[in-house]
file start_39.pdb (PDB, C-alpha atoms)
ATOM      1  CA  MET Q   1     -62.225 -11.131 296.984
ATOM      2  CA  ARG Q   2     -63.874 -14.025 295.168
ATOM      3  CA  VAL Q   3     -61.472 -16.492 293.553
ATOM      4  CA  TYR Q   4     -62.147 -19.639 291.553
ATOM      5  CA  VAL Q   5     -59.996 -22.662 292.348
ATOM      6  CA  PRO Q   6     -59.703 -25.350 289.653
ATOM      7  CA  LEU Q   7     -59.832 -28.951 290.901
ATOM      8  CA  THR Q   8     -60.858 -32.451 289.882
ATOM      9  CA  LEU Q   9     -63.337 -34.631 291.765
ATOM     10  CA  PRO Q  10     -60.472 -36.493 293.512
ATOM     11  CA  GLY Q  11     -58.940 -33.089 294.341
ATOM     12  CA  LEU Q  12     -62.262 -31.964 295.810
ATOM     13  CA  ALA Q  13     -62.429 -35.183 297.849
ATOM     14  CA  GLU Q  14     -58.936 -34.492 299.205
ATOM     15  CA  ALA Q  15     -59.860 -30.885 300.029
ATOM     16  CA  TYR Q  16     -62.992 -32.131 301.812
ATOM     17  CA  GLN Q  17     -60.964 -34.645 303.812
ATOM     18  CA  LYS Q  18     -58.255 -32.108 304.760
ATOM     19  CA  GLY Q  19     -60.613 -29.155 305.200
ATOM     20  CA  GLU Q  20     -58.553 -26.889 302.933
ATOM     21  CA  LEU Q  21     -57.994 -26.240 299.243
ATOM     22  CA  GLY Q  22     -54.394 -27.296 298.687
ATOM     23  CA  ALA Q  23     -51.033 -25.881 299.669
ATOM     24  CA  ALA Q  24     -50.066 -22.236 299.320
ATOM     25  CA  PRO Q  25     -49.427 -20.568 297.011
ATOM     26  CA  LEU Q  26     -52.681 -21.797 295.503
ATOM     27  CA  VAL Q  27     -53.380 -21.097 291.829
ATOM     28  CA  ALA Q  28     -56.839 -19.642 291.301
ATOM     29  CA  TYR Q  29     -58.645 -17.300 288.932
ATOM     30  CA  ALA Q  30     -60.263 -13.960 289.680
ATOM     31  CA  VAL Q  31     -61.333 -10.702 288.099
ATOM     32  CA  THR Q  32     -57.939  -9.111 287.482
ATOM     33  CA  PRO Q  33     -57.138  -5.889 285.589
ATOM     34  CA  ALA Q  34     -55.867  -7.963 282.636
ATOM     35  CA  LEU Q  35     -59.069 -10.033 282.587
ATOM     36  CA  ARG Q  36     -61.152  -6.828 282.656
ATOM     37  CA  GLU Q  37     -59.171  -5.436 279.742
ATOM     38  CA  TRP Q  38     -59.410  -8.675 277.757
ATOM     39  CA  TYR Q  39     -63.138  -9.189 278.392
ATOM     40  CA  LEU Q  40     -64.039  -5.536 277.733
ATOM     41  CA  SER Q  41     -66.888  -5.393 280.218
ATOM     42  CA  ASP Q  42     -67.714  -3.543 283.397
ATOM     43  CA  ASP Q  43     -70.487  -5.996 284.330
ATOM     44  CA  ILE Q  44     -69.144  -7.781 287.424
ATOM     45  CA  GLU Q  45     -71.326 -10.854 286.826
ATOM     46  CA  GLU Q  46     -69.925 -11.251 283.310
ATOM     47  CA  LEU Q  47     -66.381 -10.781 284.612
ATOM     48  CA  GLU Q  48     -66.925 -13.332 287.388
ATOM     49  CA  TYR Q  49     -68.260 -15.775 284.792
ATOM     50  CA  ALA Q  50     -65.138 -15.171 282.667
ATOM     51  CA  ALA Q  51     -62.928 -15.940 285.696
ATOM     52  CA  LEU Q  52     -64.975 -19.086 286.387
ATOM     53  CA  SER Q  53     -64.512 -20.123 282.751
ATOM     54  CA  ARG Q  54     -60.758 -19.634 283.014
ATOM     55  CA  ALA Q  55     -60.749 -21.853 286.117
ATOM     56  CA  ALA Q  56     -62.793 -24.477 284.243
ATOM     57  CA  LEU Q  57     -60.101 -24.552 281.544
ATOM     58  CA  ALA Q  58     -57.457 -24.970 284.252
ATOM     59  CA  SER Q  59     -59.528 -27.845 285.685
ATOM     60  CA  LEU Q  60     -59.478 -29.425 282.218
ATOM     61  CA  ARG Q  61     -55.668 -29.178 282.305
ATOM     62  CA  LEU Q  62     -55.673 -30.980 285.658
ATOM     63  CA  LEU Q  63     -57.831 -33.712 284.128
ATOM     64  CA  ALA Q  64     -55.428 -34.048 281.192
ATOM     65  CA  ALA Q  65     -52.633 -34.669 283.717
ATOM     66  CA  ASP Q  66     -54.685 -37.214 285.731
ATOM     67  CA  PRO Q  67     -56.130 -39.919 283.474
ATOM     68  CA  GLU Q  68     -57.643 -41.708 286.491
ATOM     69  CA  ALA Q  69     -59.865 -38.787 287.548
ATOM     70  CA  ALA Q  70     -63.530 -38.711 286.549
ATOM     71  CA  ARG Q  71     -63.868 -36.621 283.411
ATOM     72  CA  ARG Q  72     -65.737 -33.758 285.053
ATOM     73  CA  ARG Q  73     -64.348 -30.263 285.558
ATOM     74  CA  VAL Q  74     -64.574 -28.874 289.099
ATOM     75  CA  VAL Q  75     -64.235 -25.262 290.260
ATOM     76  CA  VAL Q  76     -64.608 -24.049 293.838
ATOM     77  CA  ALA Q  77     -65.647 -20.430 294.361
ATOM     78  CA  VAL Q  78     -64.110 -19.134 297.569
ATOM     79  CA  ASP Q  79     -63.836 -15.766 299.252
ATOM     80  CA  VAL Q  80     -60.379 -14.762 300.429
ATOM     81  CA  PRO Q  81     -59.291 -11.544 302.151
ATOM     82  CA  ASP Q  82     -58.366  -8.660 299.860
ATOM     83  CA  GLY Q  83     -54.636  -8.781 299.306
ATOM     84  CA  ALA Q  84     -54.445 -12.572 299.799
ATOM     85  CA  ALA Q  85     -54.600 -13.090 296.023
ATOM     86  CA  SER Q  86     -52.341 -11.381 293.535
ATOM     87  CA  ALA Q  87     -51.638 -11.646 289.827
ATOM     88  CA  ASP Q  88     -48.114 -12.043 288.515
ATOM     89  CA  PRO Q  89     -47.380  -8.629 286.932
ATOM     90  CA  GLY Q  90     -44.891 -10.231 284.548
ATOM     91  CA  ARG Q  91     -47.624 -12.439 283.071
ATOM     92  CA  GLY Q  92     -50.421  -9.876 282.961
ATOM     93  CA  LEU Q  93     -50.617  -9.790 279.171
ATOM     94  CA  ASP Q  94     -49.927 -13.506 278.666
ATOM     95  CA  PRO Q  95     -53.198 -14.918 277.248
ATOM     96  CA  ALA Q  96     -52.597 -18.187 279.102
ATOM     97  CA  ALA Q  97     -52.481 -16.326 282.434
ATOM     98  CA  LEU Q  98     -55.614 -14.165 282.076
ATOM     99  CA  GLY Q  99     -57.309 -14.005 285.451
ATOM    100  CA  GLU Q 100     -54.693 -16.197 287.110
ATOM    101  CA  VAL Q 101     -53.813 -15.312 290.690
ATOM    102  CA  ARG Q 102     -51.778 -16.854 293.488
ATOM    103  CA  VAL Q 103     -53.430 -17.109 296.881
ATOM    104  CA  THR Q 104     -51.078 -16.895 299.847
ATOM    105  CA  GLY Q 105     -51.782 -18.830 303.001
ATOM    106  CA  ALA Q 106     -54.106 -21.737 303.597
ATOM    107  CA  VAL Q 107     -57.612 -21.516 302.162
ATOM    108  CA  PRO Q 108     -60.099 -23.345 304.388
ATOM    109  CA  LEU Q 109     -62.799 -25.201 302.485
ATOM    110  CA  ALA Q 110     -65.217 -23.631 304.977
ATOM    111  CA  LYS Q 111     -64.654 -20.303 303.143
ATOM    112  CA  ALA Q 112     -66.064 -21.781 299.916
ATOM    113  CA  ALA Q 113     -69.170 -20.082 298.590
ATOM    114  CA  SER Q 114     -70.110 -22.729 296.029
ATOM    115  CA  VAL Q 115     -68.844 -25.594 293.908
ATOM    116  CA  HIS Q 116     -69.273 -25.852 290.140
ATOM    117  CA  VAL Q 117     -69.082 -29.281 288.465
ATOM    118  CA  ASP Q 118     -69.862 -30.721 285.045
ATOM    119  CA  ALA Q 119     -72.993 -32.825 284.733
ATOM    120  CA  ALA Q 120     -72.520 -36.514 284.007
ATOM    121  CA  ASP Q 121     -73.644 -35.986 280.401
ATOM    122  CA  ALA Q 122     -70.583 -33.774 279.795
ATOM    123  CA  GLU Q 123     -68.088 -36.540 280.561
ATOM    124  CA  ALA Q 124     -67.598 -37.732 276.969
ATOM    125  CA  ASP Q 125     -66.928 -34.199 275.687
ATOM    126  CA  VAL Q 126     -64.685 -33.372 278.657
ATOM    127  CA  ALA Q 127     -62.725 -36.617 278.143
ATOM    128  CA  ALA Q 128     -62.237 -35.798 274.456
ATOM    129  CA  ALA Q 129     -61.189 -32.245 275.327
ATOM    130  CA  ALA Q 130     -58.640 -33.469 277.878
ATOM    131  CA  GLU Q 131     -57.167 -35.774 275.222
ATOM    132  CA  ALA Q 132     -57.057 -32.979 272.618
ATOM    133  CA  LEU Q 133     -55.627 -30.294 274.904
ATOM    134  CA  LYS Q 134     -51.949 -30.850 274.092
ATOM    135  CA  ALA Q 135     -52.581 -30.718 270.332
ATOM    136  CA  ALA Q 136     -54.799 -27.645 270.756
ATOM    137  CA  ASP Q 137     -52.028 -25.906 272.685
ATOM    138  CA  ALA Q 138     -49.692 -26.699 269.785
ATOM    139  CA  GLY Q 139     -52.016 -24.870 267.381
ATOM    140  CA  ASP Q 140     -54.134 -27.723 265.966
ATOM    141  CA  ASP Q 141     -57.460 -26.105 264.998
ATOM    142  CA  ASP Q 142     -59.354 -29.413 264.975
ATOM    143  CA  ALA Q 143     -58.124 -30.179 268.490
ATOM    144  CA  GLN Q 144     -59.104 -26.666 269.609
ATOM    145  CA  PHE Q 145     -62.616 -27.333 268.290
ATOM    146  CA  VAL Q 146     -62.770 -30.448 270.514
ATOM    147  CA  VAL Q 147     -61.525 -28.463 273.539
ATOM    148  CA  ASP Q 148     -64.117 -25.776 272.842
ATOM    149  CA  GLY Q 149     -66.754 -28.526 272.851
ATOM    150  CA  ALA Q 150     -66.230 -29.002 276.582
ATOM    151  CA  GLU Q 151     -66.866 -25.292 277.093
ATOM    152  CA  ASP Q 152     -70.321 -25.768 275.557
ATOM    153  CA  HIS Q 153     -71.283 -27.517 278.804
ATOM    154  CA  GLU Q 154     -72.234 -25.196 281.653
ATOM    155  CA  LEU Q 155     -70.878 -26.156 285.045
ATOM    156  CA  LEU Q 156     -73.656 -26.934 287.502
ATOM    157  CA  TRP Q 157     -73.855 -24.944 290.730
ATOM    158  CA  TYR Q 158     -73.737 -26.815 294.050
ATOM    159  CA  ALA Q 159     -73.995 -25.530 297.594
ATOM    160  CA  THR Q 160     -71.025 -26.370 299.792
ATOM    161  CA  GLN Q 161     -73.285 -28.656 301.847
ATOM    162  CA  GLU Q 162     -73.490 -30.894 298.761
ATOM    163  CA  ILE Q 163     -69.729 -31.573 298.659
ATOM    164  CA  PRO Q 164     -70.057 -34.940 300.494
ATOM    165  CA  ASN Q 165     -72.436 -36.162 297.774
ATOM    166  CA  LEU Q 166     -70.134 -34.894 295.018
ATOM    167  CA  VAL Q 167     -67.014 -36.544 296.423
ATOM    168  CA  GLY Q 168     -68.917 -39.763 296.951
ATOM    169  CA  ASN Q 169     -68.865 -39.902 293.137
ATOM    170  CA  ALA Q 170     -65.149 -39.086 292.855
ATOM    171  CA  GLY Q 171     -63.186 -41.381 290.662
TER     172      GLY Q 171
END
call {"tool": "encode", "arguments": {"input": "start_39.pdb", "output": "C-alpha cells"}}
result
Amino acid sequence: MRVYVPLTLPGLAEAYQKGELGAAPLVAYAVTPALREWYLSDDIEELEYAALSRAALASLRLLAADPEAARRRVVVAVDVPDGAASADPGRGLDPAALGEVRVTGAVPLAKAASVHVDAADAEADVAAAAEALKAADAGDDDAQFVVDGAEDHELLWYATQEIPNLVGNAG
C-alpha cells in the first residue's frame, strides 16, 4: 500500500539521519474508502494525487507549528505492507481526516518510493499559508484564500537518491 507521509525539511533530515520515518504510529495519507467517496473518482492516479495533496496540507500544518523550518512542504511516498496502515473508522466522515491513516511499526526510509518538495519559488506563498492556517481553520475566508494559494504550487518529484541534496538545504 502506498502512503504519503507529511514532513518538513528538518523532519526529512532527521529521517535521513535515523533511517526511518518517525515513531509509530505514524500519521500518513492514503487512498481510503472515505477519500474515494469524497473525491468521486475511480482513477487510481487521481486518488493518489488527492492523498498526496492531503499530505501536503498536513505538511503545511507541521510548518505552522515549526517557525524555524524552511517554508517548503515535504511529502514522502512510501510503500508499506497491506494491513500496516489503517484509517480510524470513527473519523471516516470527518473532512479533516480524509485519507488519514496510522501506520503501525517502524517505516524504514529505504522503503520510500519518492520525495515531493516545494520549489524555492513557493516559499513566500507557503510561509503566508502557514501564517494564515489558524485563521482559515476558524472560518476566515480571506485566510483560506491564502492557504489555497500554497496549493497552487505543485510539489516537485525527487528520487530517494536525491534526499542528501534536499536535506543539505534543510533549515
call {"tool": "closest_residue", "arguments": {"input": "start_39.pdb", "among": "Q:Ala65, Q:Ala84, Q:Ala159, Q:Val5", "to": "Q:Ala113", "atoms": "all atoms listed in the file"}}
result
Q:Ala159
call {"tool": "residues_around", "arguments": {"input": "start_39.pdb", "residues": "Q:Gly19", "least_positions_apart": "4", "cutoff": "9 Å", "atoms": "all atoms listed in the file", "output": "NGL selection string"}}
result
:Q and (14-15 or 107-110)
call {"tool": "resolve_selection", "arguments": {"input": "start_39.pdb", "expression": "the PyMOL selection byres ((chain Q and resi 79) around 8)", "output": "PDB file with C-alpha atoms, keeping the file's coordinate frame"}}
result
ATOM      1  CA  MET Q   1     -62.225 -11.131 296.984  1.00  0.00           C
ATOM      2  CA  ARG Q   2     -63.874 -14.025 295.168  1.00  0.00           C
ATOM      3  CA  VAL Q   3     -61.472 -16.492 293.553  1.00  0.00           C
ATOM      4  CA  ALA Q  77     -65.647 -20.430 294.361  1.00  0.00           C
ATOM      5  CA  VAL Q  78     -64.110 -19.134 297.569  1.00  0.00           C
ATOM      6  CA  VAL Q  80     -60.379 -14.762 300.429  1.00  0.00           C
ATOM      7  CA  PRO Q  81     -59.291 -11.544 302.151  1.00  0.00           C
ATOM      8  CA  LYS Q 111     -64.654 -20.303 303.143  1.00  0.00           C
ATOM      9  CA  ALA Q 112     -66.064 -21.781 299.916  1.00  0.00           C
ATOM     10  CA  ALA Q 113     -69.170 -20.082 298.590  1.00  0.00           C
TER      11      ALA Q 113
END
call {"tool": "resolve_selection", "arguments": {"input": "start_39.pdb", "expression": "the PyMOL selection byres ((chain Q and resi 49-57) around 9)", "output": "PyMOL selection string"}}
result
chain Q and resi 3-7+28-32+35+39+44-48+58-62+73-77+97-100+116-117+151+155
call {"tool": "residues_around", "arguments": {"input": "start_39.pdb", "residues": "Q:Val146", "least_positions_apart": "6", "cutoff": "9 Å", "atoms": "only C-alpha atoms", "output": "PyMOL selection string"}}
result
chain Q and resi 125-126+128-130+132-133+136
call {"tool": "atom_distance", "arguments": {"input": "start_39.pdb", "atom1": "atom CA of Q:Ala106", "atom2": "atom CA of Q:Lys18"}}
result
11.2 Å
call {"tool": "resolve_selection", "arguments": {"input": "start_39.pdb", "expression": "the PyMOL selection byres ((chain Q and resi 158) around 7)", "output": "PyMOL selection string"}}
result
chain Q and resi 114-116+156-157+159-160+162
call {"tool": "atom_distance", "arguments": {"input": "start_39.pdb", "atom1": "atom CA of Q:Asp118", "atom2": "atom CA of Q:Glu154"}}
result
6.9 Å
call {"tool": "atom_distance", "arguments": {"input": "start_39.pdb", "atom1": "atom CA of Q:Ala24", "atom2": "atom CA of Q:Thr8"}}
result
17.6 Å
call {"tool": "closest_residue", "arguments": {"input": "start_39.pdb", "among": "Q:Arg102, Q:Arg71, Q:Arg36, Q:Lys134", "to": "Q:Gly22", "atoms": "all atoms listed in the file"}}
result
Q:Arg102
call {"tool": "closest_residue", "arguments": {"input": "start_39.pdb", "among": "Q:Ala135, Q:Ala120, Q:Ala85, Q:Leu166", "to": "Q:His153", "atoms": "only C-alpha atoms"}}
result
Q:Ala120
call {"tool": "axis_aligned_box", "arguments": {"input": "start_39.pdb", "around": "stretch 51-60 of chain Q", "padding_each_side": "6 Å", "output": "lines of an AutoDock Vina configuration file"}}
result
center_x = -61.2
center_y = -22.7
center_z = 284.0
size_x = 19.5
size_y = 25.5
size_z = 16.8
call {"tool": "closest_residue", "arguments": {"input": "start_39.pdb", "among": "Q:Ala87, Q:Ala64, Q:Ala138, Q:Ala150", "to": "Q:Glu123", "atoms": "all atoms listed in the file"}}
result
Q:Ala150
call {"tool": "closest_residue", "arguments": {"input": "start_39.pdb", "among": "Q:Glu131, Q:Gln17, Q:Leu12, Q:Pro25", "to": "Q:Gln144", "atoms": "only C-alpha atoms"}}
result
Q:Glu131
call {"tool": "closest_residue", "arguments": {"input": "start_39.pdb", "among": "Q:Thr104, Q:Asn165, Q:Ser86, Q:Ser41", "to": "Q:Leu9", "atoms": "only C-alpha atoms"}}
result
Q:Asn165
